[in-house]
>>> print(open('input-v8.tsv').read())   # TSV, C-alpha atoms and all ligand atoms
chain	number	residue	atom	x	y	z
K	1	MET	CA	-12.32	10.97	8.34
K	2	LYS	CA	-8.88	10.32	9.70
K	3	GLU	CA	-6.30	10.69	6.96
K	4	SER	CA	-3.10	8.68	6.66
K	5	LYS	CA	0.14	9.64	4.97
K	6	TYR	CA	0.04	7.50	1.82
K	7	ILE	CA	-2.35	5.95	-0.64
K	8	TRP	CA	-1.19	3.15	-2.95
K	9	LYS	CA	-2.04	3.90	-6.58
K	10	ASN	CA	-1.02	1.92	-9.67
K	11	GLY	CA	2.05	0.47	-8.00
K	12	LYS	CA	3.28	3.57	-6.17
K	13	LEU	CA	2.81	5.11	-2.76
K	14	ILE	CA	1.59	8.68	-3.21
K	15	ASP	CA	0.56	11.39	-0.75
K	16	TRP	CA	-3.02	11.11	0.49
K	17	LYS	CA	-3.95	14.52	-0.95
K	18	ASP	CA	-2.55	13.64	-4.39
K	19	ALA	CA	-4.83	10.62	-4.82
K	20	THR	CA	-7.27	12.34	-7.17
K	21	THR	CA	-9.09	11.34	-10.35
K	22	HIS	CA	-9.97	13.12	-13.58
K	23	ILE	CA	-13.57	14.33	-13.90
K	24	LEU	CA	-14.00	12.23	-17.05
K	25	SER	CA	-13.03	8.99	-15.34
K	26	HIS	CA	-15.25	6.33	-16.89
K	27	THR	CA	-16.44	4.85	-13.59
K	28	LEU	CA	-17.73	8.20	-12.42
K	29	HIS	CA	-20.14	8.34	-15.37
K	30	TYR	CA	-21.08	4.74	-16.07
K	31	GLY	CA	-20.66	3.03	-12.71
K	32	ASN	CA	-18.41	0.08	-13.45
K	33	GLY	CA	-15.94	-0.39	-10.62
K	34	VAL	CA	-15.28	-2.91	-7.86
K	35	PHE	CA	-13.92	-2.59	-4.37
K	36	GLU	CA	-13.21	-4.35	-1.11
K	37	GLY	CA	-13.55	-3.51	2.54
K	38	THR	CA	-10.94	-5.23	4.67
K	39	ARG	CA	-9.99	-4.69	8.28
K	40	ALA	CA	-6.66	-4.73	10.02
K	41	TYR	CA	-6.86	-5.13	13.78
K	42	MET	CA	-4.41	-3.72	16.30
K	43	THR	CA	-3.43	-6.95	18.04
K	44	LYS	CA	-0.91	-7.40	20.85
K	45	LYS	CA	1.64	-8.19	18.14
K	46	GLY	CA	0.81	-5.14	16.04
K	47	LEU	CA	-1.51	-4.62	13.09
K	48	ALA	CA	-2.85	-7.75	11.42
K	49	ILE	CA	-5.03	-7.86	8.29
K	50	PHE	CA	-8.00	-10.19	8.72
K	51	ARG	CA	-8.53	-12.70	5.89
K	52	LEU	CA	-6.41	-10.77	3.39
K	53	GLU	CA	-6.29	-13.76	1.03
K	54	GLU	CA	-10.09	-14.10	0.81
K	55	HIS	CA	-10.71	-10.37	0.42
K	56	THR	CA	-8.12	-10.05	-2.33
K	57	ARG	CA	-9.46	-13.11	-4.14
K	58	ARG	CA	-12.97	-11.64	-4.02
K	59	LEU	CA	-11.71	-8.31	-5.35
K	60	LEU	CA	-10.27	-10.03	-8.41
K	61	ASN	CA	-13.39	-12.16	-8.81
K	62	SER	CA	-15.53	-9.03	-8.72
K	63	ALA	CA	-13.37	-7.54	-11.47
K	64	LYS	CA	-13.69	-10.73	-13.51
K	65	ILE	CA	-17.48	-10.71	-13.24
K	66	LEU	CA	-17.59	-7.11	-14.49
K	67	LEU	CA	-15.02	-7.54	-17.30
K	68	ILE	CA	-12.34	-5.36	-15.78
K	69	ASN	CA	-8.83	-6.62	-16.49
K	70	CYS	CA	-6.88	-5.92	-13.34
K	71	PRO	CA	-3.19	-5.52	-14.24
K	72	TYR	CA	-2.06	-6.87	-10.85
K	73	SER	CA	-2.04	-10.43	-9.59
K	74	LYS	CA	-3.50	-11.53	-6.28
K	75	GLU	CA	-0.01	-11.80	-4.77
K	76	GLU	CA	0.89	-8.29	-5.95
K	77	LEU	CA	-2.30	-6.84	-4.50
K	78	LYS	CA	-1.78	-8.61	-1.19
K	79	GLN	CA	1.75	-7.24	-1.02
K	80	ALA	CA	0.52	-3.74	-1.92
K	81	GLN	CA	-1.86	-3.77	1.03
K	82	ILE	CA	0.93	-4.91	3.36
K	83	ASP	CA	3.32	-2.26	1.96
K	84	LEU	CA	0.73	0.47	2.44
K	85	LEU	CA	0.12	-0.39	6.08
K	86	LYS	CA	3.85	-0.52	6.71
K	87	ALA	CA	4.37	2.89	5.11
K	88	ASN	CA	1.53	4.42	7.15
K	89	LYS	CA	2.47	2.67	10.37
K	90	ASP	CA	3.05	5.83	12.39
K	91	ASP	CA	-0.48	7.01	11.66
K	92	TYR	CA	-2.12	3.98	13.22
K	93	SER	CA	-2.74	3.34	16.89
K	94	SER	CA	-6.03	1.41	16.56
K	95	ASN	CA	-7.96	-0.67	14.01
K	96	VAL	CA	-7.61	0.20	10.34
K	97	TYR	CA	-9.98	-0.19	7.39
K	98	LEU	CA	-8.54	-0.93	3.96
K	99	ARG	CA	-10.36	0.10	0.81
K	100	PRO	CA	-8.90	-1.28	-2.41
K	101	ILE	CA	-10.74	-0.11	-5.52
K	102	ILE	CA	-10.39	-1.04	-9.18
K	103	TYR	CA	-11.98	1.50	-11.49
K	104	LEU	CA	-11.90	2.79	-15.05
K	105	GLY	CA	-10.03	6.03	-15.51
K	106	TYR	CA	-9.81	8.81	-18.05
K	107	GLY	CA	-9.31	7.95	-21.72
K	108	ALA	CA	-12.55	7.28	-23.51
K	109	MET	CA	-16.17	8.28	-23.14
K	110	GLY	CA	-19.22	6.28	-24.18
K	111	VAL	CA	-20.70	3.23	-22.51
K	112	TYR	CA	-18.27	0.71	-24.02
K	113	HIS	CA	-15.71	0.29	-21.28
K	114	LEU	CA	-12.73	-1.66	-22.60
K	115	ASN	CA	-10.98	1.41	-24.05
K	116	SER	CA	-10.62	3.05	-20.66
K	117	PRO	CA	-7.51	2.52	-18.54
K	118	VAL	CA	-7.89	0.30	-15.47
K	119	GLU	CA	-6.78	2.10	-12.32
K	120	VAL	CA	-6.09	0.40	-9.00
K	121	ALA	CA	-5.86	2.22	-5.70
K	122	ILE	CA	-5.77	1.26	-2.03
K	123	ALA	CA	-6.53	3.59	0.85
K	124	ALA	CA	-6.27	2.67	4.52
K	125	TRP	CA	-7.29	4.71	7.54
K	126	GLU	CA	-8.20	4.29	11.17
K	127	TRP	CA	-11.86	3.45	11.51
K	128	GLY	CA	-13.68	2.24	14.61
K	129	ALA	CA	-17.06	0.50	14.89
K	130	TYR	CA	-19.09	1.19	11.71
K	131	LEU	CA	-22.38	1.70	13.52
K	132	GLY	CA	-20.82	2.93	16.78
K	133	ASP	CA	-19.53	1.16	19.90
K	134	GLU	CA	-22.94	1.27	21.52
K	135	ALA	CA	-24.42	-0.56	18.51
K	136	LEU	CA	-22.04	-3.48	19.04
K	137	GLU	CA	-23.13	-3.77	22.64
K	138	LYS	CA	-26.83	-2.92	22.71
K	139	GLY	CA	-27.94	-3.53	19.15
K	140	ILE	CA	-29.52	-1.38	16.50
K	141	ARG	CA	-33.03	-0.58	15.26
K	142	VAL	CA	-33.69	-1.81	11.75
K	143	LYS	CA	-36.38	-1.17	9.17
K	144	ILE	CA	-37.30	-3.40	6.28
K	145	SER	CA	-36.69	-1.26	3.24
K	146	SER	CA	-39.18	-0.22	0.59
K	147	PHE	CA	-36.26	-0.78	-1.79
K	148	VAL	CA	-35.89	-4.32	-3.07
K	149	ARG	CA	-32.39	-5.82	-3.29
K	150	ASN	CA	-30.90	-5.63	-6.79
K	151	GLY	CA	-32.48	-8.46	-8.76
K	152	ILE	CA	-30.33	-11.25	-10.09
K	153	LYS	CA	-31.78	-10.90	-13.58
K	154	SER	CA	-30.11	-7.53	-14.08
K	155	ASN	CA	-27.48	-7.07	-11.37
K	156	MET	CA	-24.60	-9.22	-10.27
K	157	GLY	CA	-24.51	-9.36	-6.52
K	158	LYS	CA	-21.53	-11.70	-6.31
K	159	ALA	CA	-19.41	-8.75	-7.37
K	160	LYS	CA	-18.71	-6.13	-4.73
K	161	ALA	CA	-19.55	-3.52	-7.31
K	162	VAL	CA	-19.72	0.24	-7.02
K	163	ALA	CA	-23.00	0.20	-8.98
K	164	ASN	CA	-24.70	-2.18	-6.56
K	165	TYR	CA	-24.31	0.43	-3.86
K	166	LEU	CA	-26.83	2.83	-5.39
K	167	ASN	CA	-29.54	0.45	-4.20
K	168	SER	CA	-27.83	0.17	-0.78
K	169	GLN	CA	-27.45	3.93	-0.50
K	170	MET	CA	-31.14	4.64	-1.14
K	171	ALA	CA	-32.17	1.96	1.35
K	172	LYS	CA	-29.73	3.28	3.98
K	173	HIS	CA	-30.97	6.83	3.55
K	174	GLU	CA	-34.58	5.80	3.86
K	175	ALA	CA	-33.85	3.87	7.06
K	176	VAL	CA	-31.84	6.70	8.67
K	177	ALA	CA	-34.32	9.40	7.61
K	178	SER	CA	-37.08	7.29	9.17
K	179	GLY	CA	-35.23	7.16	12.50
K	180	PHE	CA	-33.61	3.73	12.19
K	181	GLU	CA	-29.96	2.77	12.09
K	182	GLU	CA	-29.92	0.31	9.23
K	183	ALA	CA	-32.05	-1.08	6.41
K	184	LEU	CA	-32.85	-4.71	5.72
K	185	LEU	CA	-33.65	-5.44	2.08
K	186	LEU	CA	-35.91	-8.20	0.80
K	187	ASP	CA	-35.41	-9.85	-2.58
K	188	ASP	CA	-37.92	-9.58	-5.40
K	189	ASN	CA	-39.75	-12.65	-4.11
K	190	GLY	CA	-40.14	-11.10	-0.66
K	191	PHE	CA	-37.53	-13.19	1.13
K	192	VAL	CA	-34.80	-11.59	3.21
K	193	ALA	CA	-31.70	-10.73	1.21
K	194	GLU	CA	-29.28	-8.60	3.27
K	195	GLY	CA	-28.60	-5.21	4.81
K	196	SER	CA	-27.22	-2.23	2.90
K	197	GLY	CA	-23.71	-3.63	3.40
K	198	GLU	CA	-24.16	-6.54	5.80
K	199	CYS	CA	-25.43	-10.09	5.81
K	200	PHE	CA	-28.24	-11.12	8.11
K	201	PHE	CA	-28.79	-13.84	10.69
K	202	ILE	CA	-31.58	-14.86	13.05
K	203	VAL	CA	-31.60	-17.36	15.91
K	204	ARG	CA	-34.67	-19.52	16.57
K	205	ASP	CA	-34.72	-22.23	19.23
K	206	GLY	CA	-30.94	-22.26	19.37
K	207	VAL	CA	-30.52	-22.68	15.59
K	208	LEU	CA	-28.63	-20.06	13.60
K	209	ILE	CA	-30.38	-19.23	10.32
K	210	THR	CA	-29.02	-17.11	7.46
K	211	PRO	CA	-30.32	-16.66	3.89
K	212	PRO	CA	-28.72	-18.56	0.99
K	213	TYR	CA	-26.29	-16.68	-1.26
K	214	ASP	CA	-28.86	-16.20	-4.06
K	215	ASN	CA	-29.35	-12.47	-3.63
K	216	THR	CA	-26.34	-11.55	-1.54
K	217	LEU	CA	-22.64	-11.09	-1.67
K	218	GLU	CA	-20.64	-14.11	-0.55
K	219	SER	CA	-19.70	-12.47	2.70
K	220	ILE	CA	-16.45	-13.30	4.42
K	221	THR	CA	-17.72	-12.32	7.87
K	222	GLN	CA	-20.80	-14.48	7.36
K	223	ASP	CA	-18.46	-17.37	6.57
K	224	THR	CA	-16.39	-16.64	9.69
K	225	VAL	CA	-19.53	-16.60	11.85
K	226	ILE	CA	-20.70	-19.92	10.38
K	227	GLN	CA	-17.32	-21.47	11.23
K	228	ILE	CA	-17.42	-20.08	14.79
K	229	ALA	CA	-20.97	-21.37	15.30
K	230	LYS	CA	-19.95	-24.85	14.21
K	231	ASP	CA	-17.01	-24.73	16.65
K	232	LEU	CA	-19.40	-23.78	19.43
K	233	GLY	CA	-21.71	-26.67	18.53
K	234	ILE	CA	-24.48	-24.36	17.30
K	235	GLU	CA	-26.53	-25.75	14.41
K	236	VAL	CA	-26.40	-23.54	11.29
K	237	VAL	CA	-29.03	-23.59	8.55
K	238	GLN	CA	-28.83	-21.60	5.34
K	239	ARG	CA	-32.39	-21.11	4.09
K	240	ARG	CA	-34.89	-18.45	3.13
K	241	ILE	CA	-36.35	-16.20	5.84
K	242	THR	CA	-39.59	-14.19	5.68
K	243	ARG	CA	-40.19	-10.89	7.46
K	244	ASP	CA	-42.75	-12.31	9.90
K	245	GLU	CA	-40.25	-14.97	10.96
K	246	ILE	CA	-37.83	-12.21	11.97
K	247	TYR	CA	-40.45	-10.65	14.22
K	248	ILE	CA	-40.73	-13.86	16.25
K	249	ALA	CA	-37.02	-14.74	16.19
K	250	ASP	CA	-35.16	-15.01	19.51
K	251	GLU	CA	-32.19	-13.03	18.21
K	252	ALA	CA	-31.06	-11.24	15.07
K	253	PHE	CA	-27.79	-9.65	13.96
K	254	PHE	CA	-25.88	-8.26	11.00
K	255	THR	CA	-22.41	-9.34	9.89
K	256	GLY	CA	-19.90	-7.54	7.70
K	257	THR	CA	-16.31	-6.39	7.70
K	258	ALA	CA	-17.45	-2.89	8.58
K	259	ALA	CA	-20.36	-3.85	10.88
K	260	GLU	CA	-18.48	-6.86	12.38
K	261	ILE	CA	-21.23	-8.60	14.40
K	262	THR	CA	-23.89	-6.02	15.19
K	263	PRO	CA	-26.90	-7.18	17.20
K	264	ILE	CA	-30.36	-6.10	16.10
K	265	CYS	CA	-32.69	-5.18	18.96
K	266	GLU	CA	-35.71	-4.08	16.96
K	267	VAL	CA	-37.15	-4.62	13.47
K	268	ASP	CA	-40.13	-2.58	12.20
K	269	PHE	CA	-41.09	-1.47	15.73
K	270	ARG	CA	-41.06	-5.03	17.09
K	271	SER	CA	-38.52	-5.97	19.77
K	272	ILE	CA	-36.45	-8.95	18.82
K	273	GLY	CA	-36.19	-11.39	21.73
K	274	ARG	CA	-35.63	-9.34	24.86
K	275	GLY	CA	-34.78	-6.27	22.80
K	276	SER	CA	-31.07	-6.38	23.53
K	277	CYS	CA	-28.04	-8.37	22.35
K	278	GLY	CA	-29.02	-12.05	22.41
K	279	GLU	CA	-27.09	-14.76	24.21
K	280	ILE	CA	-25.88	-16.64	21.14
K	281	THR	CA	-25.06	-13.36	19.38
K	282	LYS	CA	-22.95	-12.41	22.39
K	283	ARG	CA	-21.06	-15.72	22.33
K	284	LEU	CA	-20.37	-15.41	18.60
K	285	GLN	CA	-19.24	-11.82	19.05
K	286	GLU	CA	-16.84	-12.69	21.87
K	287	ARG	CA	-15.24	-15.47	19.86
K	288	PHE	CA	-15.12	-13.29	16.74
K	289	PHE	CA	-13.23	-10.50	18.50
K	290	LYS	CA	-10.79	-13.01	19.99
K	291	ILE	CA	-10.09	-14.39	16.52
K	292	VAL	CA	-9.58	-11.03	14.81
K	293	MET	CA	-7.38	-9.85	17.69
K	294	GLY	CA	-5.12	-12.88	17.24
K	295	GLU	CA	-6.12	-14.47	20.56
K	296	ASP	CA	-7.39	-17.75	19.12
K	297	SER	CA	-4.75	-20.27	18.10
K	298	LYS	CA	-7.07	-22.13	15.71
K	299	TYR	CA	-7.52	-19.13	13.44
K	300	GLN	CA	-4.03	-17.63	13.28
K	301	HIS	CA	-4.02	-18.41	9.55
K	302	PHE	CA	-6.71	-15.72	9.06
K	303	LEU	CA	-4.24	-13.04	10.13
K	304	THR	CA	-1.46	-11.35	8.18
K	305	TYR	CA	0.76	-9.52	10.62
K	306	ILE	CA	2.39	-6.26	9.56
K	307	ASN	CA	5.85	-6.05	11.06
K	401	LIG	C1	-19.27	-6.06	1.67
K	401	LIG	C2	-20.67	-6.48	1.76
K	401	LIG	C3	-21.15	-7.36	2.74
K	401	LIG	C4	-20.27	-7.89	3.84
K	401	LIG	O1	-19.30	-8.74	3.33
K	401	LIG	P1	-18.00	-9.08	4.20
K	401	LIG	O2	-17.22	-9.96	3.33
K	401	LIG	O3	-18.48	-9.75	5.41
K	401	LIG	O4	-17.35	-7.79	4.50
K	401	LIG	C5	-22.47	-7.75	2.68
K	401	LIG	N1	-23.30	-7.29	1.74
K	401	LIG	C6	-22.89	-6.43	0.79
K	401	LIG	C7	-23.85	-5.94	-0.22
K	401	LIG	C8	-21.58	-6.00	0.77
K	401	LIG	O5	-21.19	-5.16	-0.18
>>> encode(input="input-v8.tsv", output="structure tokens")
Amino acid sequence: MKESKYIWKNGKLIDWKDATTHILSHTLHYGNGVFEGTRAYMTKKGLAIFRLEEHTRRLLNSAKILLINCPYSKEELKQAQIDLLKANKDDYSSNVYLRPIIYLGYGAMGVYHLNSPVEVAIAAWEWGAYLGDEALEKGIRVKISSFVRNGIKSNMGKAKAVANYLNSQMAKHEAVASGFEEALLLDDNGFVAEGSGECFFIVRDGVLITPPYDNTLESITQDTVIQIAKDLGIEVVQRRITRDEIYIADEAFFTGTAAEITPICEVDFRSIGRGSCGEITKRLQERFFKIVMGEDSKYQHFLTYIN
């Protein structure tokens, strides 16, 4: 990965290489931690963080769900992310990915977590297309996972939690080892939930369909895409999807801060539509990249410019 000069940790900017943790950090053993993935785009007017407010709010909501008392307010965390990008400015010539994490540090062992210190860190580095530039253009091959999405009776998917990613990691590995690029996970009733770190959409007869939030994170990119679709006069329906409906969909794509809008050309050895990026997917993508690059006057409020 491409390193930057500083990492923000507990209120201070420290050298990248000094951002280490003790081996007995509570999160490392018992898995309670929360994080965000946020992008800053290199616009014509310099770096701009996309939907900083919403990402920071979700970070604190994730912490609340998991009973982690973050010592910083939303405003402080927003400012920290801005300060970090400013301090690292010379290291960035293209898009940047921000990774704030709130975790439990060294202090106490045992499952009970409230005696461990809460640590907050933010890293930011240059990161291009998550699944590759070709994926954004041509689409990816996807396999429905043998792993079921974390069930809502025992996991809390509204938190962007470190622990939830064990399920994602196993699904991702299975998909890649089987020759696919990404996994699509069903919920425990067999309806489509989401990808390993992306939300899912299909298009049928011009209607955009995406699963309800029951078994998924409340995705910010999914919300952006729904807003764009409405602007473009495309009908959006949030309802359950079965795997056979995907096979006969006209288009399919993933959305996420990392994956942006990634078309899906094949699912379980069946071509989706014409087996390339669909027409509506393409229109949504074009508008999305205009918005994140600051070229759409309606959505300037989504951008926090770093000057
Ligand atoms: C982060 C994440 C997403 C994408 O959410 P965005 O807000 O669009 O970045 C989707 N699913 C899971 C499980 C995630 O962790």
>>> residues_near_ligand(input="input-v8.tsv", ligand="ligand LIG 401 (chain K)", cutoff="8 Å", atoms="all atoms listed in the file", output="compact mmCIF listing (two decimals) with C-alpha atoms, keeping the file's coordinate frame")
# COMPACT_ATOMS: atom_id res chain seq x y z
CA GLU K 36 -13.21 -4.35 -1.11
CA GLY K 37 -13.55 -3.51 2.54
CA THR K 38 -10.94 -5.23 4.67
CA HIS K 55 -10.71 -10.37 0.42
CA GLY K 157 -24.51 -9.36 -6.52
CA LYS K 160 -18.71 -6.13 -4.73
CA ALA K 161 -19.55 -3.52 -7.31
CA ASN K 164 -24.70 -2.18 -6.56
CA TYR K 165 -24.31 0.43 -3.86
CA SER K 168 -27.83 0.17 -0.78
CA GLU K 194 -29.28 -8.60 3.27
CA GLY K 195 -28.60 -5.21 4.81
CA SER K 196 -27.22 -2.23 2.90
CA GLY K 197 -23.71 -3.63 3.40
CA GLU K 198 -24.16 -6.54 5.80
CA CYS K 199 -25.43 -10.09 5.81
CA THR K 216 -26.34 -11.55 -1.54
CA LEU K 217 -22.64 -11.09 -1.67
CA GLU K 218 -20.64 -14.11 -0.55
CA SER K 219 -19.70 -12.47 2.70
CA ILE K 220 -16.45 -13.30 4.42
CA THR K 221 -17.72 -12.32 7.87
CA GLN K 222 -20.80 -14.48 7.36
CA ASP K 223 -18.46 -17.37 6.57
CA THR K 255 -22.41 -9.34 9.89
CA GLY K 256 -19.90 -7.54 7.70
CA THR K 257 -16.31 -6.39 7.70
CA ALA K 258 -17.45 -2.89 8.58
CA GLU K 260 -18.48 -6.86 12.38
>>> closest_residue(input="input-v8.tsv", among="K:Tyr247, K:Trp127, K:Tyr92, K:Tyr103", to="K:Val142", atoms="all atoms listed in the file")
K:Tyr247
>>> closest_residue(input="input-v8.tsv", among="K:Ile140, K:Ala259, K:Ala108, K:Ala229", to="K:Gly275", atoms="all atoms listed in the file")
K:Ile140
>>> atom_distance(input="input-v8.tsv", atom1="atom CA of K:Trp125", atom2="atom CA of K:Val96")
5.3 Å
>>> closest_atom_pairs(input="input-v8.tsv", of="stretch 66-170 of chain K", to="stretch 25-29 of chain K", cutoff="10 Å", atoms="only C-alpha atoms", output="CSV")
residue,atom,partner,partner_atom,distance
K:Ile102,CA,K:Thr27,CA,9.5
K:Tyr103,CA,K:Thr27,CA,6.0
K:Leu104,CA,K:Thr27,CA,5.2
K:Gly105,CA,K:Ser25,CA,4.2
K:Tyr106,CA,K:Ser25,CA,4.2
K:Gly107,CA,K:Ser25,CA,7.5
K:Ala108,CA,K:His26,CA,7.2
K:Met109,CA,K:His26,CA,6.6
K:Gly110,CA,K:His26,CA,8.3
K:Val111,CA,K:His26,CA,8.4
K:Tyr112,CA,K:His26,CA,9.6
K:His113,CA,K:His26,CA,7.5
K:Asn115,CA,K:His26,CA,9.7
K:Ser116,CA,K:His26,CA,6.8
K:Pro117,CA,K:His26,CA,8.8
K:Val118,CA,K:His26,CA,9.6
K:Glu119,CA,K:Ser25,CA,9.8
K:Val162,CA,K:Thr27,CA,8.7
K:Ala163,CA,K:Thr27,CA,9.3
>>> atom_distance(input="input-v8.tsv", atom1="atom CA of K:Ala63", atom2="atom CA of K:Asn150")
18.2 Å
>>> residues_around(input="input-v8.tsv", residues="K:Lys153", least_positions_apart="2", cutoff="12 Å", atoms="all atoms listed in the file", output="PDB file with C-alpha atoms, in the coordinates of the input")
ATOM      1  CA  ARG K 149     -32.390  -5.820  -3.290  1.00  0.00           C
ATOM      2  CA  ASN K 150     -30.900  -5.630  -6.790  1.00  0.00           C
ATOM      3  CA  GLY K 151     -32.480  -8.460  -8.760  1.00  0.00           C
ATOM      4  CA  ASN K 155     -27.480  -7.070 -11.370  1.00  0.00           C
ATOM      5  CA  MET K 156     -24.600  -9.220 -10.270  1.00  0.00           C
ATOM      6  CA  GLY K 157     -24.510  -9.360  -6.520  1.00  0.00           C
ATOM      7  CA  ASP K 187     -35.410  -9.850  -2.580  1.00  0.00           C
ATOM      8  CA  ASP K 188     -37.920  -9.580  -5.400  1.00  0.00           C
ATOM      9  CA  ASP K 214     -28.860 -16.200  -4.060  1.00  0.00           C
ATOM     10  CA  ASN K 215     -29.350 -12.470  -3.630  1.00  0.00           C
TER      11      ASN K 215
END
>>> residues_around(input="input-v8.tsv", residues="K:Trp16", least_positions_apart="2", cutoff="6 Å", atoms="all atoms listed in the file", output="PyMOL selection string")
chain K and resi 5-7+18-19
>>> atom_distance(input="input-v8.tsv", atom1="atom CA of K:Asp91", atom2="atom CA of K:Lys2")
9.2 Å
>>> closest_residue(input="input-v8.tsv", among="K:Ile122, K:Ala48, K:Ile144, K:Ala80", to="K:Arg99", atoms="only C-alpha atoms")
K:Ile122
>>> closest_residue(input="input-v8.tsv", among="K:Arg204, K:Lys138, K:Arg243, K:Lys172", to="K:Ile261", atoms="only C-alpha atoms")
K:Lys138
>>> closest_residue(input="input-v8.tsv", among="K:Val236, K:Leu85, K:Val267, K:Leu114", to="K:Glu182", atoms="only C-alpha atoms")
K:Val267
>>> closest_residue(input="input-v8.tsv", among="K:Val176, K:Ile202, K:Cys265, K:Leu24", to="K:Ile246", atoms="only C-alpha atoms")
K:Ile202
>>> axis_aligned_box(input="input-v8.tsv", around="stretch 45-53 of chain K", padding_each_side="6 Å", output="lines of an AutoDock Vina configuration file")
center_x = -3.4
center_y = -9.2
center_z = 9.6
size_x = 22.2
size_y = 21.1
size_z = 29.1
>>> residues_around(input="input-v8.tsv", residues="K:Ile65", least_positions_apart="5", cutoff="9 Å", atoms="all atoms listed in the file", output="list in words")
Leu60, Met156, Lys158 and Ala159 of chain K
